[in-house]
Amino acid sequence: MATFMNYLVLGLTRGSIYALIALGYTMVYGVLQLINFAHSEVFMSGAFGSYLIVHGIVGAGGHQSPLVVVGVIAAGMVVGALTAGAVGWTLERVAYRPLRRRNAAKLTFLISAIGASFFLSQFAGKIFTSQSTNSFPTFFAQNKPLFKLFGASVTVIEIIDIVFAVAAMIALDRLVSATKLGRAIRAVAEDAPTAALMGVNIDKTISRTFVIGGLLGGLAGFLFGLNYGFGNTMGFQPGVKAFAAAVLGGIGNVRGAMLGGMLIGLVEALLPTAPWINGTAWIGIRWTDVVAFLVLVGVLMFRPTGLLGERLGRAA
Amino acid sequence: MRTRVVTGAAILVTVGAMALAGCGSSGGGKNTGLGGSSGTNSSGGSGGGQTYKIGFQGALSGDNKQLGINEVNSFNLAIKEWNAQSNAPFKVTGVTSDDAGDNNKSPAAAAALIGDSAVVGVIGPIFSGPTSAAGKAYATAGMALISPSATNETLTSSGFTTFHRIVPTDGVEGKATADYLAAKFKNVFVVDDTTVYGKGVADVVQTELRAKGVTTERQGTNGANDSNLGPIATAIGGAKAQAVYFGGYDAEGALLAKALKAANYTGLVIGGNGVKSSVFTQNAGAAGDGFYFACGCQDATTAPTAKAFNTAYTQAYGTPPSTYSPEAYDATNALLQAIKTAQSSGTVTRASVETAVNALDYQGITTVVKFAPNGEVAQATVNLYKQEGGKIVELGDITKQK
């Protein structure tokens, strides 16, 4: 039981990060019907941005007073989100808007997206002469068990990950369903020409959608980096998983992306490690990716539009 | 000027001090004298007019360039010291060829050295993959290879007739590690990163552990680039294993060390030569303290025989020698000795250098450079290391540990 609960907590932590990234894919798809393959690098840039500020404040690390810790975490989140938001905004301006102006084919967007993805990853690698993994300085006892949950020790960082991811998701859900910007996003997603006739500024709405996706991706980048380390190639694997999560939940569907992310995280942590006793496993952790994508294909066979359906236009 | 005085004296006293006489300021010379070298009393003060080229093939760019830099620095240092001797029987020029650690780029890198007819011997290739990709071409060209760090088992049984290495194989290292673990523990969890290196060495460890009656659990991680080591750490914690062996590379090893700390695992954790690096210590930080490494390599910053080398290297490059630097230094000096032997017994050709390399018996700073007929180093020591206070310290020969 304790082992099972340990895996469950790990799955929720990982899943909440996948969900944050998946939102970026799904929202852009909602307004543009475009898979923004460079989103994994938007996520990566968030991790670098937050590292710079965290490193700038605490240097090589060493434990700080609780007030400083809270401040550094807040700064890391904000700067990470802003960096990735800015990268997302620039990306839309440079890689997509010129194509949209010229009514380019869908395939052209895809190539542009992949090109942007490689560019950003390599660029970050060059300017930071990055290794494939780097660590944030340790500035608080992040792996300290906070409390026991049915035998599983839940650590400080796991709580931070889950709490802030869920908070961001709730905020986004409110934003999309209850604000003017949210209404504009939904209108553009449902029928862009008509929305334009009704006075919605399409360019502005699309641009803001990229920024919102970037903000969430940057937050995810900070949380991911703090937990697992970061590097210029860090985006690929979680990016693919998050994209899968978005499809699993129903691409274009905001709540679907959240659900899909959590599910992929849980499936990854729980299925390959079953039956959760001792060190033995029926499938084995080395099959994690295989299992995750088999489940994805399996679900899509029965629900081709994802678990919650592609509710385009009604993003929430 | 001081250098000249020192080397001048060296001629008068003995030819044997030549290897390090050039670095007069470090007071070298005595540590790496010719010792048991064959052809000691050969071409003494004669010659000096000839210049030969020796090559270096390794990763000087790409993700794994750090090891390449560690080694090429030593390569250049050894050449500089050789040429600085006023009684050098010949001069050498180093030619480097970058394979980026990539199997696909290795044949071209090798062709560049083979195509230069003045190159009579090569240090490298430094990685196993590039070696297997280019070993055949070097063998056909009859070019002697001395690798400071290619450790894959199969390299000496693949028909690469001119290949030699001065480090023990992953198999030797893995077996020594398993024997060390078996003497202390009854229950060991073996983890690999599913790469050729990681799985290969983990297989050796597991087989040897079982042969010694140790109970083992085995799991692979979700690939070498996976960041999510939490589940495997939980599996290890659940298995109640007394010790963990990790077969894989530094970056993932650091993540595993962190995940195990987070899972409150308190047993012994040990990895192989793939984990022992500054990437591990940087990324693991405090979580890496207490992590053990078994490596068929020498730590030049602590080994007493490497003191002069350590000083000269640090002076030349502003950073202390790192993993495989001393091995590359030994390999280069051994090759230079072989060329000298070849010169004293006739002409220096690739063939005569290859013959001389096969017959080498040279006391280096890490080992006695002497090869078995298949190219394996005759005397192989696997050392145990441990990270303490953020630094990797050498504990000595693993077979002599308690």
# chains A, B, ... in the order shown; residues from 1 in each chain; ligands from 1
>>> select_by_dssp(residues="region 45-212 of chain B", states="helix (DSSP H, G or I)", output="VMD selection string")
chain B and resid 65 to 84 106 to 115 128 to 141 153 to 157 170 to 182 196 to 211
>>> interface_residues(of="chain A", to="chain B", cutoff="9 Å", atoms="only C-alpha atoms", output="number ranges by chain")
A: 2-3, 6-7, 10-11, 14, 131-138, 142-145, 153, 155, 228-229, 234, 237, 269-270, 273, 276-281, 284-289
>>> write_last_selection(atoms="N, CA and C atoms", output="short mmCIF file (atom, residue, chain, number, x, y, z; two decimals), in the first residue's frame")
data_model
loop_
_atom_site.label_atom_id
_atom_site.label_comp_id
_atom_site.auth_asym_id
_atom_site.auth_seq_id
_atom_site.Cartn_x
_atom_site.Cartn_y
_atom_site.Cartn_z
N ALA A 2 1.88 1.25 0.87
CA ALA A 2 2.75 2.43 0.94
C ALA A 2 3.45 2.64 -0.39
N THR A 3 3.92 1.53 -0.99
CA THR A 3 4.61 1.64 -2.28
C THR A 3 3.66 2.17 -3.34
N ASN A 6 3.19 5.77 -2.90
CA ASN A 6 4.37 6.51 -3.36
C ASN A 6 4.32 6.74 -4.87
N TYR A 7 3.98 5.65 -5.60
CA TYR A 7 3.88 5.78 -7.06
C TYR A 7 2.77 6.75 -7.43
N LEU A 10 3.96 10.28 -7.04
CA LEU A 10 4.89 10.59 -8.13
C LEU A 10 4.12 10.85 -9.43
N GLY A 11 3.11 10.02 -9.67
CA GLY A 11 2.32 10.16 -10.89
C GLY A 11 1.56 11.47 -10.92
N ARG A 14 4.10 14.39 -11.62
CA ARG A 14 4.48 14.39 -13.03
C ARG A 14 3.28 14.81 -13.90
N GLN A 131 24.77 21.77 -20.73
CA GLN A 131 24.83 20.32 -20.75
C GLN A 131 23.40 19.82 -20.94
N SER A 132 23.27 18.50 -21.13
CA SER A 132 21.91 18.00 -21.34
C SER A 132 21.09 18.07 -20.06
N THR A 133 21.73 18.05 -18.91
CA THR A 133 21.00 18.34 -17.68
C THR A 133 21.82 19.23 -16.77
N ASN A 134 21.16 20.13 -16.12
CA ASN A 134 21.78 21.00 -15.12
C ASN A 134 20.83 21.02 -13.94
N SER A 135 21.34 21.44 -12.80
CA SER A 135 20.48 21.50 -11.63
C SER A 135 20.27 22.92 -11.18
N PHE A 136 19.11 23.19 -10.64
CA PHE A 136 18.90 24.42 -9.91
C PHE A 136 19.71 24.36 -8.62
N PRO A 137 20.19 25.49 -8.12
CA PRO A 137 20.83 25.45 -6.81
C PRO A 137 19.81 25.01 -5.75
N THR A 138 20.29 24.25 -4.79
CA THR A 138 19.38 23.82 -3.73
C THR A 138 19.28 24.95 -2.72
N GLN A 142 14.00 20.68 -0.30
CA GLN A 142 12.83 20.39 -1.13
C GLN A 142 12.39 18.93 -1.05
N ASN A 143 13.30 18.04 -0.67
CA ASN A 143 12.92 16.64 -0.59
C ASN A 143 12.55 16.20 0.83
N LYS A 144 12.34 17.18 1.69
CA LYS A 144 11.96 16.85 3.06
C LYS A 144 10.53 16.34 3.08
N PRO A 145 10.30 15.16 3.65
CA PRO A 145 8.92 14.67 3.72
C PRO A 145 8.07 15.60 4.58
N SER A 153 5.40 9.04 1.86
CA SER A 153 5.82 10.34 2.34
C SER A 153 5.72 11.34 1.20
N THR A 155 6.66 14.94 -0.25
CA THR A 155 7.73 15.90 0.00
C THR A 155 7.27 17.32 -0.32
N TYR A 228 13.44 18.02 -11.55
CA TYR A 228 14.19 17.02 -12.31
C TYR A 228 15.43 17.56 -12.99
N GLY A 229 15.73 18.85 -12.90
CA GLY A 229 16.85 19.42 -13.63
C GLY A 229 16.40 19.93 -14.99
N MET A 234 15.63 19.52 -22.80
CA MET A 234 14.68 18.99 -21.82
C MET A 234 13.25 18.96 -22.33
N GLN A 237 10.94 15.29 -24.44
CA GLN A 237 10.18 14.19 -23.87
C GLN A 237 8.88 14.64 -23.19
N ALA A 269 3.30 6.21 -14.00
CA ALA A 269 3.85 5.85 -12.70
C ALA A 269 3.30 4.51 -12.21
N LEU A 270 2.05 4.22 -12.54
CA LEU A 270 1.40 3.06 -11.92
C LEU A 270 1.43 1.79 -12.75
N THR A 273 4.81 -0.33 -13.04
CA THR A 273 5.36 -0.74 -11.75
C THR A 273 4.45 -1.72 -11.02
N TRP A 276 3.20 -3.32 -7.53
CA TRP A 276 3.58 -2.40 -6.45
C TRP A 276 4.02 -3.08 -5.17
N ILE A 277 4.66 -4.24 -5.30
CA ILE A 277 5.23 -4.85 -4.10
C ILE A 277 6.70 -5.12 -4.36
N ASN A 278 7.50 -4.98 -3.33
CA ASN A 278 8.94 -5.21 -3.42
C ASN A 278 9.53 -4.47 -4.62
N GLY A 279 10.52 -5.06 -5.24
CA GLY A 279 11.12 -4.38 -6.39
C GLY A 279 10.64 -4.96 -7.69
N THR A 280 9.85 -6.01 -7.62
CA THR A 280 9.44 -6.68 -8.85
C THR A 280 8.31 -5.94 -9.53
N ALA A 281 8.27 -6.06 -10.84
CA ALA A 281 7.19 -5.45 -11.60
C ALA A 281 6.86 -6.37 -12.77
N GLY A 284 7.69 -3.45 -15.91
CA GLY A 284 9.03 -2.89 -15.74
C GLY A 284 9.09 -1.44 -16.18
N ILE A 285 9.86 -0.64 -15.43
CA ILE A 285 9.89 0.81 -15.66
C ILE A 285 10.48 1.14 -17.03
N ARG A 286 11.34 0.26 -17.56
CA ARG A 286 11.95 0.59 -18.86
C ARG A 286 10.90 0.64 -19.97
N TRP A 287 9.71 0.08 -19.72
CA TRP A 287 8.65 0.10 -20.73
C TRP A 287 7.72 1.28 -20.57
N THR A 288 8.06 2.24 -19.71
CA THR A 288 7.16 3.34 -19.39
C THR A 288 6.58 4.03 -20.63
N ASP A 289 7.46 4.43 -21.56
CA ASP A 289 6.98 5.15 -22.74
C ASP A 289 6.07 4.28 -23.60
#
>>> residues_around(residues="Asp98 (chain B)", least_positions_apart="5", cutoff="9 Å", atoms="only C-alpha atoms", output="MDAnalysis selection string")
chainID B and resid 56:61 68 105:106 109
>>> write_last_selection(atoms="N, CA and C atoms", output="mmCIF file, in the first residue's frame")
data_model
loop_
_atom_site.group_PDB
_atom_site.id
_atom_site.type_symbol
_atom_site.label_atom_id
_atom_site.label_comp_id
_atom_site.auth_asym_id
_atom_site.auth_seq_id
_atom_site.Cartn_x
_atom_site.Cartn_y
_atom_site.Cartn_z
ATOM 1 N N PHE B 56 45.484 12.153 -32.842
ATOM 2 C CA PHE B 56 44.556 11.986 -31.721
ATOM 3 C C PHE B 56 43.147 11.993 -32.298
ATOM 4 N N GLN B 57 42.404 10.915 -32.072
ATOM 5 C CA GLN B 57 41.006 10.924 -32.504
ATOM 6 C C GLN B 57 40.102 10.862 -31.280
ATOM 7 N N GLY B 58 39.187 11.827 -31.168
ATOM 8 C CA GLY B 58 38.285 11.833 -30.027
ATOM 9 C C GLY B 58 37.236 12.908 -30.175
ATOM 10 N N ALA B 59 36.361 12.971 -29.161
ATOM 11 C CA ALA B 59 35.279 13.951 -29.185
ATOM 12 C C ALA B 59 35.810 15.300 -28.726
ATOM 13 N N LEU B 60 35.939 16.242 -29.650
ATOM 14 C CA LEU B 60 36.374 17.592 -29.286
ATOM 15 C C LEU B 60 35.225 18.581 -29.429
ATOM 16 N N SER B 61 34.080 18.066 -29.859
ATOM 17 C CA SER B 61 32.864 18.876 -29.893
ATOM 18 C C SER B 61 31.714 17.947 -29.551
ATOM 19 N N GLY B 68 36.911 14.368 -24.144
ATOM 20 C CA GLY B 68 37.862 14.589 -25.225
ATOM 21 C C GLY B 68 38.847 15.687 -24.873
ATOM 22 N N LYS B 105 30.542 9.881 -37.518
ATOM 23 C CA LYS B 105 31.600 10.800 -37.934
ATOM 24 C C LYS B 105 32.980 10.176 -37.787
ATOM 25 N N SER B 106 33.026 9.020 -37.141
ATOM 26 C CA SER B 106 34.316 8.405 -36.847
ATOM 27 C C SER B 106 35.106 7.996 -38.097
ATOM 28 N N ALA B 109 36.857 10.977 -39.538
ATOM 29 C CA ALA B 109 37.916 11.448 -38.646
ATOM 30 C C ALA B 109 39.139 10.548 -38.757
#
>>> residues_around(residues="Ile339 (chain B)", least_positions_apart="3", cutoff="10 Å", atoms="only C-alpha atoms", output="PyMOL selection string")
chain B and resi 52+54+89-90+92+120-121+333-336+342-345+347-350+352-357
>>> residues_around(residues="Asn103 (chain B)", least_positions_apart="5", cutoff="9 Å", atoms="only C-alpha atoms", output="list in words")
Ser128, Gly129, Pro130, Thr131, Ser132, Ala133 and Ala134 of chain B
>>> write_last_selection(atoms="all heavy atoms", output="mmCIF file, in the first residue's frame")
data_model
loop_
_atom_site.group_PDB
_atom_site.id
_atom_site.type_symbol
_atom_site.label_atom_id
_atom_site.label_comp_id
_atom_site.auth_asym_id
_atom_site.auth_seq_id
_atom_site.Cartn_x
_atom_site.Cartn_y
_atom_site.Cartn_z
ATOM 1 N N SER B 128 34.140 3.984 -27.285
ATOM 2 C CA SER B 128 33.983 2.639 -27.832
ATOM 3 C C SER B 128 33.253 2.642 -29.168
ATOM 4 O O SER B 128 33.647 1.941 -30.096
ATOM 5 C CB SER B 128 33.221 1.762 -26.833
ATOM 6 O OG SER B 128 33.941 1.652 -25.640
ATOM 7 N N GLY B 129 32.187 3.424 -29.284
ATOM 8 C CA GLY B 129 31.398 3.437 -30.521
ATOM 9 C C GLY B 129 32.239 3.860 -31.719
ATOM 10 O O GLY B 129 32.347 3.116 -32.704
ATOM 11 N N PRO B 130 32.863 5.036 -31.650
ATOM 12 C CA PRO B 130 33.735 5.458 -32.745
ATOM 13 C C PRO B 130 34.869 4.473 -33.018
ATOM 14 O O PRO B 130 35.289 4.310 -34.160
ATOM 15 C CB PRO B 130 34.282 6.802 -32.258
ATOM 16 C CG PRO B 130 33.211 7.331 -31.381
ATOM 17 C CD PRO B 130 32.630 6.129 -30.682
ATOM 18 N N THR B 131 35.360 3.787 -31.963
ATOM 19 C CA THR B 131 36.424 2.815 -32.180
ATOM 20 C C THR B 131 35.912 1.663 -33.036
ATOM 21 O O THR B 131 36.568 1.226 -33.979
ATOM 22 C CB THR B 131 36.936 2.260 -30.838
ATOM 23 O OG1 THR B 131 37.328 3.352 -30.016
ATOM 24 C CG2 THR B 131 38.120 1.345 -31.050
ATOM 25 N N SER B 132 34.709 1.171 -32.716
ATOM 26 C CA SER B 132 34.199 0.047 -33.497
ATOM 27 C C SER B 132 33.885 0.492 -34.927
ATOM 28 O O SER B 132 33.928 -0.308 -35.849
ATOM 29 C CB SER B 132 32.976 -0.576 -32.821
ATOM 30 O OG SER B 132 31.976 0.378 -32.646
ATOM 31 N N ALA B 133 33.593 1.770 -35.122
ATOM 32 C CA ALA B 133 33.291 2.246 -36.472
ATOM 33 C C ALA B 133 34.552 2.443 -37.316
ATOM 34 O O ALA B 133 34.484 2.401 -38.540
ATOM 35 C CB ALA B 133 32.504 3.559 -36.401
ATOM 36 N N ALA B 134 35.698 2.672 -36.668
ATOM 37 C CA ALA B 134 36.909 2.994 -37.438
ATOM 38 C C ALA B 134 38.034 1.983 -37.243
ATOM 39 O O ALA B 134 39.055 2.050 -37.925
ATOM 40 C CB ALA B 134 37.416 4.385 -37.063
#
>>> select_by_dssp(residues="region 61-161 of chain A", states="strand (DSSP E or B)", output="PyMOL selection string")
chain A and resi 134+145-149+152-155
>>> write_last_selection(atoms="N, CA and C atoms", output="tab-separated table (two decimals), in the first residue's frame")
chain	number	residue	atom	x	y	z
A	134	ASN	N	21.16	20.13	-16.12
A	134	ASN	CA	21.78	21.00	-15.12
A	134	ASN	C	20.83	21.02	-13.94
A	145	PRO	N	10.30	15.16	3.65
A	145	PRO	CA	8.92	14.67	3.72
A	145	PRO	C	8.07	15.60	4.58
A	146	LEU	N	6.93	16.00	4.05
A	146	LEU	CA	6.09	16.96	4.74
A	146	LEU	C	5.07	16.25	5.63
A	147	PHE	N	4.44	15.23	5.06
A	147	PHE	CA	3.52	14.42	5.85
A	147	PHE	C	3.36	13.06	5.18
A	148	LYS	N	2.74	12.14	5.92
A	148	LYS	CA	2.52	10.79	5.38
A	148	LYS	C	1.08	10.69	4.89
A	149	LEU	N	0.94	10.06	3.73
A	149	LEU	CA	-0.40	9.86	3.20
A	149	LEU	C	-0.56	8.37	2.93
A	152	ALA	N	2.71	6.80	2.30
A	152	ALA	CA	3.61	7.45	1.34
A	152	ALA	C	4.06	8.78	1.93
A	153	SER	N	5.40	9.04	1.86
A	153	SER	CA	5.82	10.34	2.34
A	153	SER	C	5.72	11.34	1.20
A	154	VAL	N	5.04	12.43	1.46
A	154	VAL	CA	4.85	13.47	0.46
A	154	VAL	C	5.84	14.58	0.75
A	155	THR	N	6.66	14.94	-0.25
A	155	THR	CA	7.73	15.90	0.00
A	155	THR	C	7.27	17.32	-0.32
>>> residues_around(residues="Leu82 (chain A)", least_positions_apart="4", cutoff="10 Å", atoms="only C-alpha atoms", output="list in words")
Ser45, Gly46, Gly49, Ser50, Gly76, Met77, Val78, Ala86, Val87, Gly88, Val211, Ile212, Gly214, Leu215, Leu216, Gly217, Gly218 and Leu219 of chain A
>>> write_last_selection(atoms="all heavy atoms", output="short mmCIF file (atom, residue, chain, number, x, y, z; two decimals), in the first residue's frame")
data_model
loop_
_atom_site.label_atom_id
_atom_site.label_comp_id
_atom_site.auth_asym_id
_atom_site.auth_seq_id
_atom_site.Cartn_x
_atom_site.Cartn_y
_atom_site.Cartn_z
N SER A 45 12.41 27.30 -22.35
CA SER A 45 12.91 28.65 -22.12
C SER A 45 12.46 29.16 -20.75
O SER A 45 13.17 29.92 -20.10
CB SER A 45 12.45 29.59 -23.23
OG SER A 45 11.05 29.70 -23.22
N GLY A 46 11.27 28.72 -20.33
CA GLY A 46 10.80 29.09 -18.99
C GLY A 46 11.74 28.59 -17.91
O GLY A 46 12.05 29.30 -16.95
N GLY A 49 14.84 30.78 -17.94
CA GLY A 49 14.55 32.09 -17.35
C GLY A 49 14.49 32.03 -15.84
O GLY A 49 15.09 32.85 -15.14
N SER A 50 13.78 31.01 -15.33
CA SER A 50 13.64 30.94 -13.88
C SER A 50 14.98 30.58 -13.23
O SER A 50 15.30 31.05 -12.14
CB SER A 50 12.57 29.92 -13.50
OG SER A 50 12.88 28.66 -14.04
N GLY A 76 11.01 32.78 -9.17
CA GLY A 76 11.27 31.75 -10.18
C GLY A 76 10.05 31.51 -11.04
O GLY A 76 10.13 31.45 -12.26
N MET A 77 8.91 31.38 -10.38
CA MET A 77 7.67 31.14 -11.12
C MET A 77 7.34 32.30 -12.05
O MET A 77 7.04 32.11 -13.22
CB MET A 77 6.51 30.95 -10.14
CG MET A 77 6.43 29.56 -9.58
SD MET A 77 5.03 29.45 -8.48
CE MET A 77 5.43 27.92 -7.67
N VAL A 78 7.40 33.51 -11.49
CA VAL A 78 7.00 34.68 -12.28
C VAL A 78 7.95 34.88 -13.45
O VAL A 78 7.52 35.04 -14.60
CB VAL A 78 6.97 35.93 -11.37
CG1 VAL A 78 6.80 37.18 -12.21
CG2 VAL A 78 5.85 35.80 -10.36
N ALA A 86 6.98 35.53 -23.16
CA ALA A 86 7.61 36.39 -24.16
C ALA A 86 8.08 35.58 -25.36
O ALA A 86 7.92 35.99 -26.51
CB ALA A 86 8.79 37.13 -23.53
N VAL A 87 8.65 34.41 -25.09
CA VAL A 87 9.09 33.55 -26.18
C VAL A 87 7.88 33.11 -27.01
O VAL A 87 7.92 33.10 -28.25
CB VAL A 87 9.87 32.33 -25.65
CG1 VAL A 87 10.13 31.32 -26.76
CG2 VAL A 87 11.19 32.78 -25.04
N GLY A 88 6.79 32.77 -26.33
CA GLY A 88 5.57 32.37 -27.03
C GLY A 88 5.05 33.49 -27.93
O GLY A 88 4.68 33.26 -29.08
N VAL A 211 0.59 33.78 -25.57
CA VAL A 211 1.19 34.27 -24.33
C VAL A 211 0.68 33.47 -23.13
O VAL A 211 1.46 33.05 -22.27
CB VAL A 211 0.91 35.77 -24.14
CG1 VAL A 211 1.35 36.22 -22.76
CG2 VAL A 211 1.63 36.57 -25.22
N ILE A 212 -0.63 33.20 -23.11
CA ILE A 212 -1.19 32.42 -21.98
C ILE A 212 -0.58 31.02 -21.96
O ILE A 212 -0.15 30.52 -20.91
CB ILE A 212 -2.72 32.34 -22.10
CG1 ILE A 212 -3.34 33.72 -21.89
CG2 ILE A 212 -3.27 31.36 -21.06
CD1 ILE A 212 -4.81 33.78 -22.23
N GLY A 214 2.26 30.20 -23.13
CA GLY A 214 3.65 30.37 -22.71
C GLY A 214 3.78 30.56 -21.21
O GLY A 214 4.65 29.96 -20.58
N LEU A 215 2.89 31.36 -20.62
CA LEU A 215 2.94 31.60 -19.17
C LEU A 215 2.81 30.27 -18.42
O LEU A 215 3.59 29.99 -17.50
CB LEU A 215 1.82 32.54 -18.75
CG LEU A 215 1.93 34.00 -19.21
CD1 LEU A 215 0.66 34.78 -18.85
CD2 LEU A 215 3.15 34.68 -18.60
N LEU A 216 1.84 29.45 -18.85
CA LEU A 216 1.64 28.16 -18.18
C LEU A 216 2.84 27.24 -18.42
O LEU A 216 3.30 26.56 -17.50
CB LEU A 216 0.37 27.50 -18.70
CG LEU A 216 -0.93 28.24 -18.36
CD1 LEU A 216 -2.10 27.65 -19.14
CD2 LEU A 216 -1.20 28.15 -16.87
N GLY A 217 3.34 27.25 -19.67
CA GLY A 217 4.49 26.41 -19.99
C GLY A 217 5.72 26.84 -19.18
O GLY A 217 6.49 25.99 -18.71
N GLY A 218 5.90 28.15 -19.00
CA GLY A 218 7.04 28.65 -18.23
C GLY A 218 6.95 28.25 -16.77
O GLY A 218 7.94 27.87 -16.15
N LEU A 219 5.73 28.32 -16.23
CA LEU A 219 5.52 27.87 -14.85
C LEU A 219 5.89 26.39 -14.74
O LEU A 219 6.60 25.97 -13.82
CB LEU A 219 4.05 28.10 -14.45
CG LEU A 219 3.62 27.53 -13.11
CD1 LEU A 219 4.40 28.16 -11.98
CD2 LEU A 219 2.13 27.74 -12.89
#
>>> residues_around(residues="region 98-114 of chain A", least_positions_apart="6", cutoff="12 Å", atoms="only C-alpha atoms", output="PyMOL selection string")
chain A and resi 25+29+32-42+88+90-92+120-121+202-203+206+236
>>> write_last_selection(atoms="C-alpha atoms", output="PDB file, in the first residue's frame")
ATOM      1  CA  TYR A  25      -0.781  22.779 -27.057  1.00  0.00           C
ATOM      2  CA  TYR A  29      -4.842  24.241 -31.436  1.00  0.00           C
ATOM      3  CA  LEU A  32      -5.452  28.058 -34.947  1.00  0.00           C
ATOM      4  CA  GLN A  33      -6.025  24.325 -35.575  1.00  0.00           C
ATOM      5  CA  LEU A  34      -2.231  24.176 -35.459  1.00  0.00           C
ATOM      6  CA  ILE A  35      -0.011  21.888 -33.426  1.00  0.00           C
ATOM      7  CA  ASN A  36       2.607  24.239 -32.056  1.00  0.00           C
ATOM      8  CA  PHE A  37       5.531  21.825 -31.958  1.00  0.00           C
ATOM      9  CA  ALA A  38       7.780  24.588 -30.663  1.00  0.00           C
ATOM     10  CA  HIS A  39       5.776  24.661 -27.418  1.00  0.00           C
ATOM     11  CA  SER A  40       8.185  22.169 -25.842  1.00  0.00           C
ATOM     12  CA  GLU A  41      10.908  24.801 -26.336  1.00  0.00           C
ATOM     13  CA  VAL A  42       8.711  27.541 -24.903  1.00  0.00           C
ATOM     14  CA  GLY A  88       5.570  32.367 -27.033  1.00  0.00           C
ATOM     15  CA  THR A  90       7.718  36.229 -30.285  1.00  0.00           C
ATOM     16  CA  LEU A  91       7.241  32.777 -31.739  1.00  0.00           C
ATOM     17  CA  GLU A  92       3.766  33.654 -32.940  1.00  0.00           C
ATOM     18  CA  LEU A 120      15.138  27.502 -29.925  1.00  0.00           C
ATOM     19  CA  SER A 121      16.618  24.314 -28.522  1.00  0.00           C
ATOM     20  CA  ILE A 202      -8.341  37.978 -34.222  1.00  0.00           C
ATOM     21  CA  ASP A 203      -4.627  38.788 -34.307  1.00  0.00           C
ATOM     22  CA  ILE A 206      -4.304  34.603 -31.139  1.00  0.00           C
ATOM     23  CA  PHE A 236      11.301  17.026 -26.104  1.00  0.00           C
TER      24      PHE A 236
END
>>> decode(residues="region 55-64 of chain A", atoms="N, CA, C and O atoms", output="compact mmCIF listing (two decimals), in the first residue's frame")
# COMPACT_ATOMS: atom_id res chain seq x y z
N HIS A 55 19.26 31.56 -9.62
CA HIS A 55 20.70 31.55 -9.43
C HIS A 55 21.20 32.95 -9.05
O HIS A 55 22.08 33.11 -8.22
N GLY A 56 20.58 33.97 -9.68
CA GLY A 56 20.95 35.34 -9.37
C GLY A 56 20.72 35.69 -7.91
O GLY A 56 21.50 36.43 -7.31
N ILE A 57 19.67 35.15 -7.32
CA ILE A 57 19.36 35.49 -5.93
C ILE A 57 20.15 34.64 -4.94
O ILE A 57 20.79 35.16 -4.04
N VAL A 58 20.11 33.31 -5.13
CA VAL A 58 20.71 32.46 -4.10
C VAL A 58 22.11 31.97 -4.45
O VAL A 58 22.75 31.32 -3.64
N GLY A 59 22.61 32.27 -5.67
CA GLY A 59 23.95 31.84 -6.04
C GLY A 59 24.04 30.33 -6.07
O GLY A 59 23.17 29.67 -6.63
N ALA A 60 25.08 29.79 -5.46
CA ALA A 60 25.30 28.35 -5.53
C ALA A 60 24.33 27.57 -4.64
O ALA A 60 24.32 26.35 -4.63
N GLY A 61 23.54 28.27 -3.83
CA GLY A 61 22.58 27.56 -3.00
C GLY A 61 22.87 27.76 -1.53
O GLY A 61 23.43 28.77 -1.12
N GLY A 62 22.53 26.76 -0.75
CA GLY A 62 22.65 26.89 0.69
C GLY A 62 21.29 27.28 1.22
O GLY A 62 20.53 28.00 0.55
N HIS A 63 20.96 26.79 2.39
CA HIS A 63 19.59 26.97 2.87
C HIS A 63 19.34 28.42 3.29
O HIS A 63 20.18 29.06 3.89
N GLN A 64 18.19 28.90 2.94
CA GLN A 64 17.81 30.28 3.20
C GLN A 64 16.71 30.33 4.26
O GLN A 64 16.12 29.31 4.59
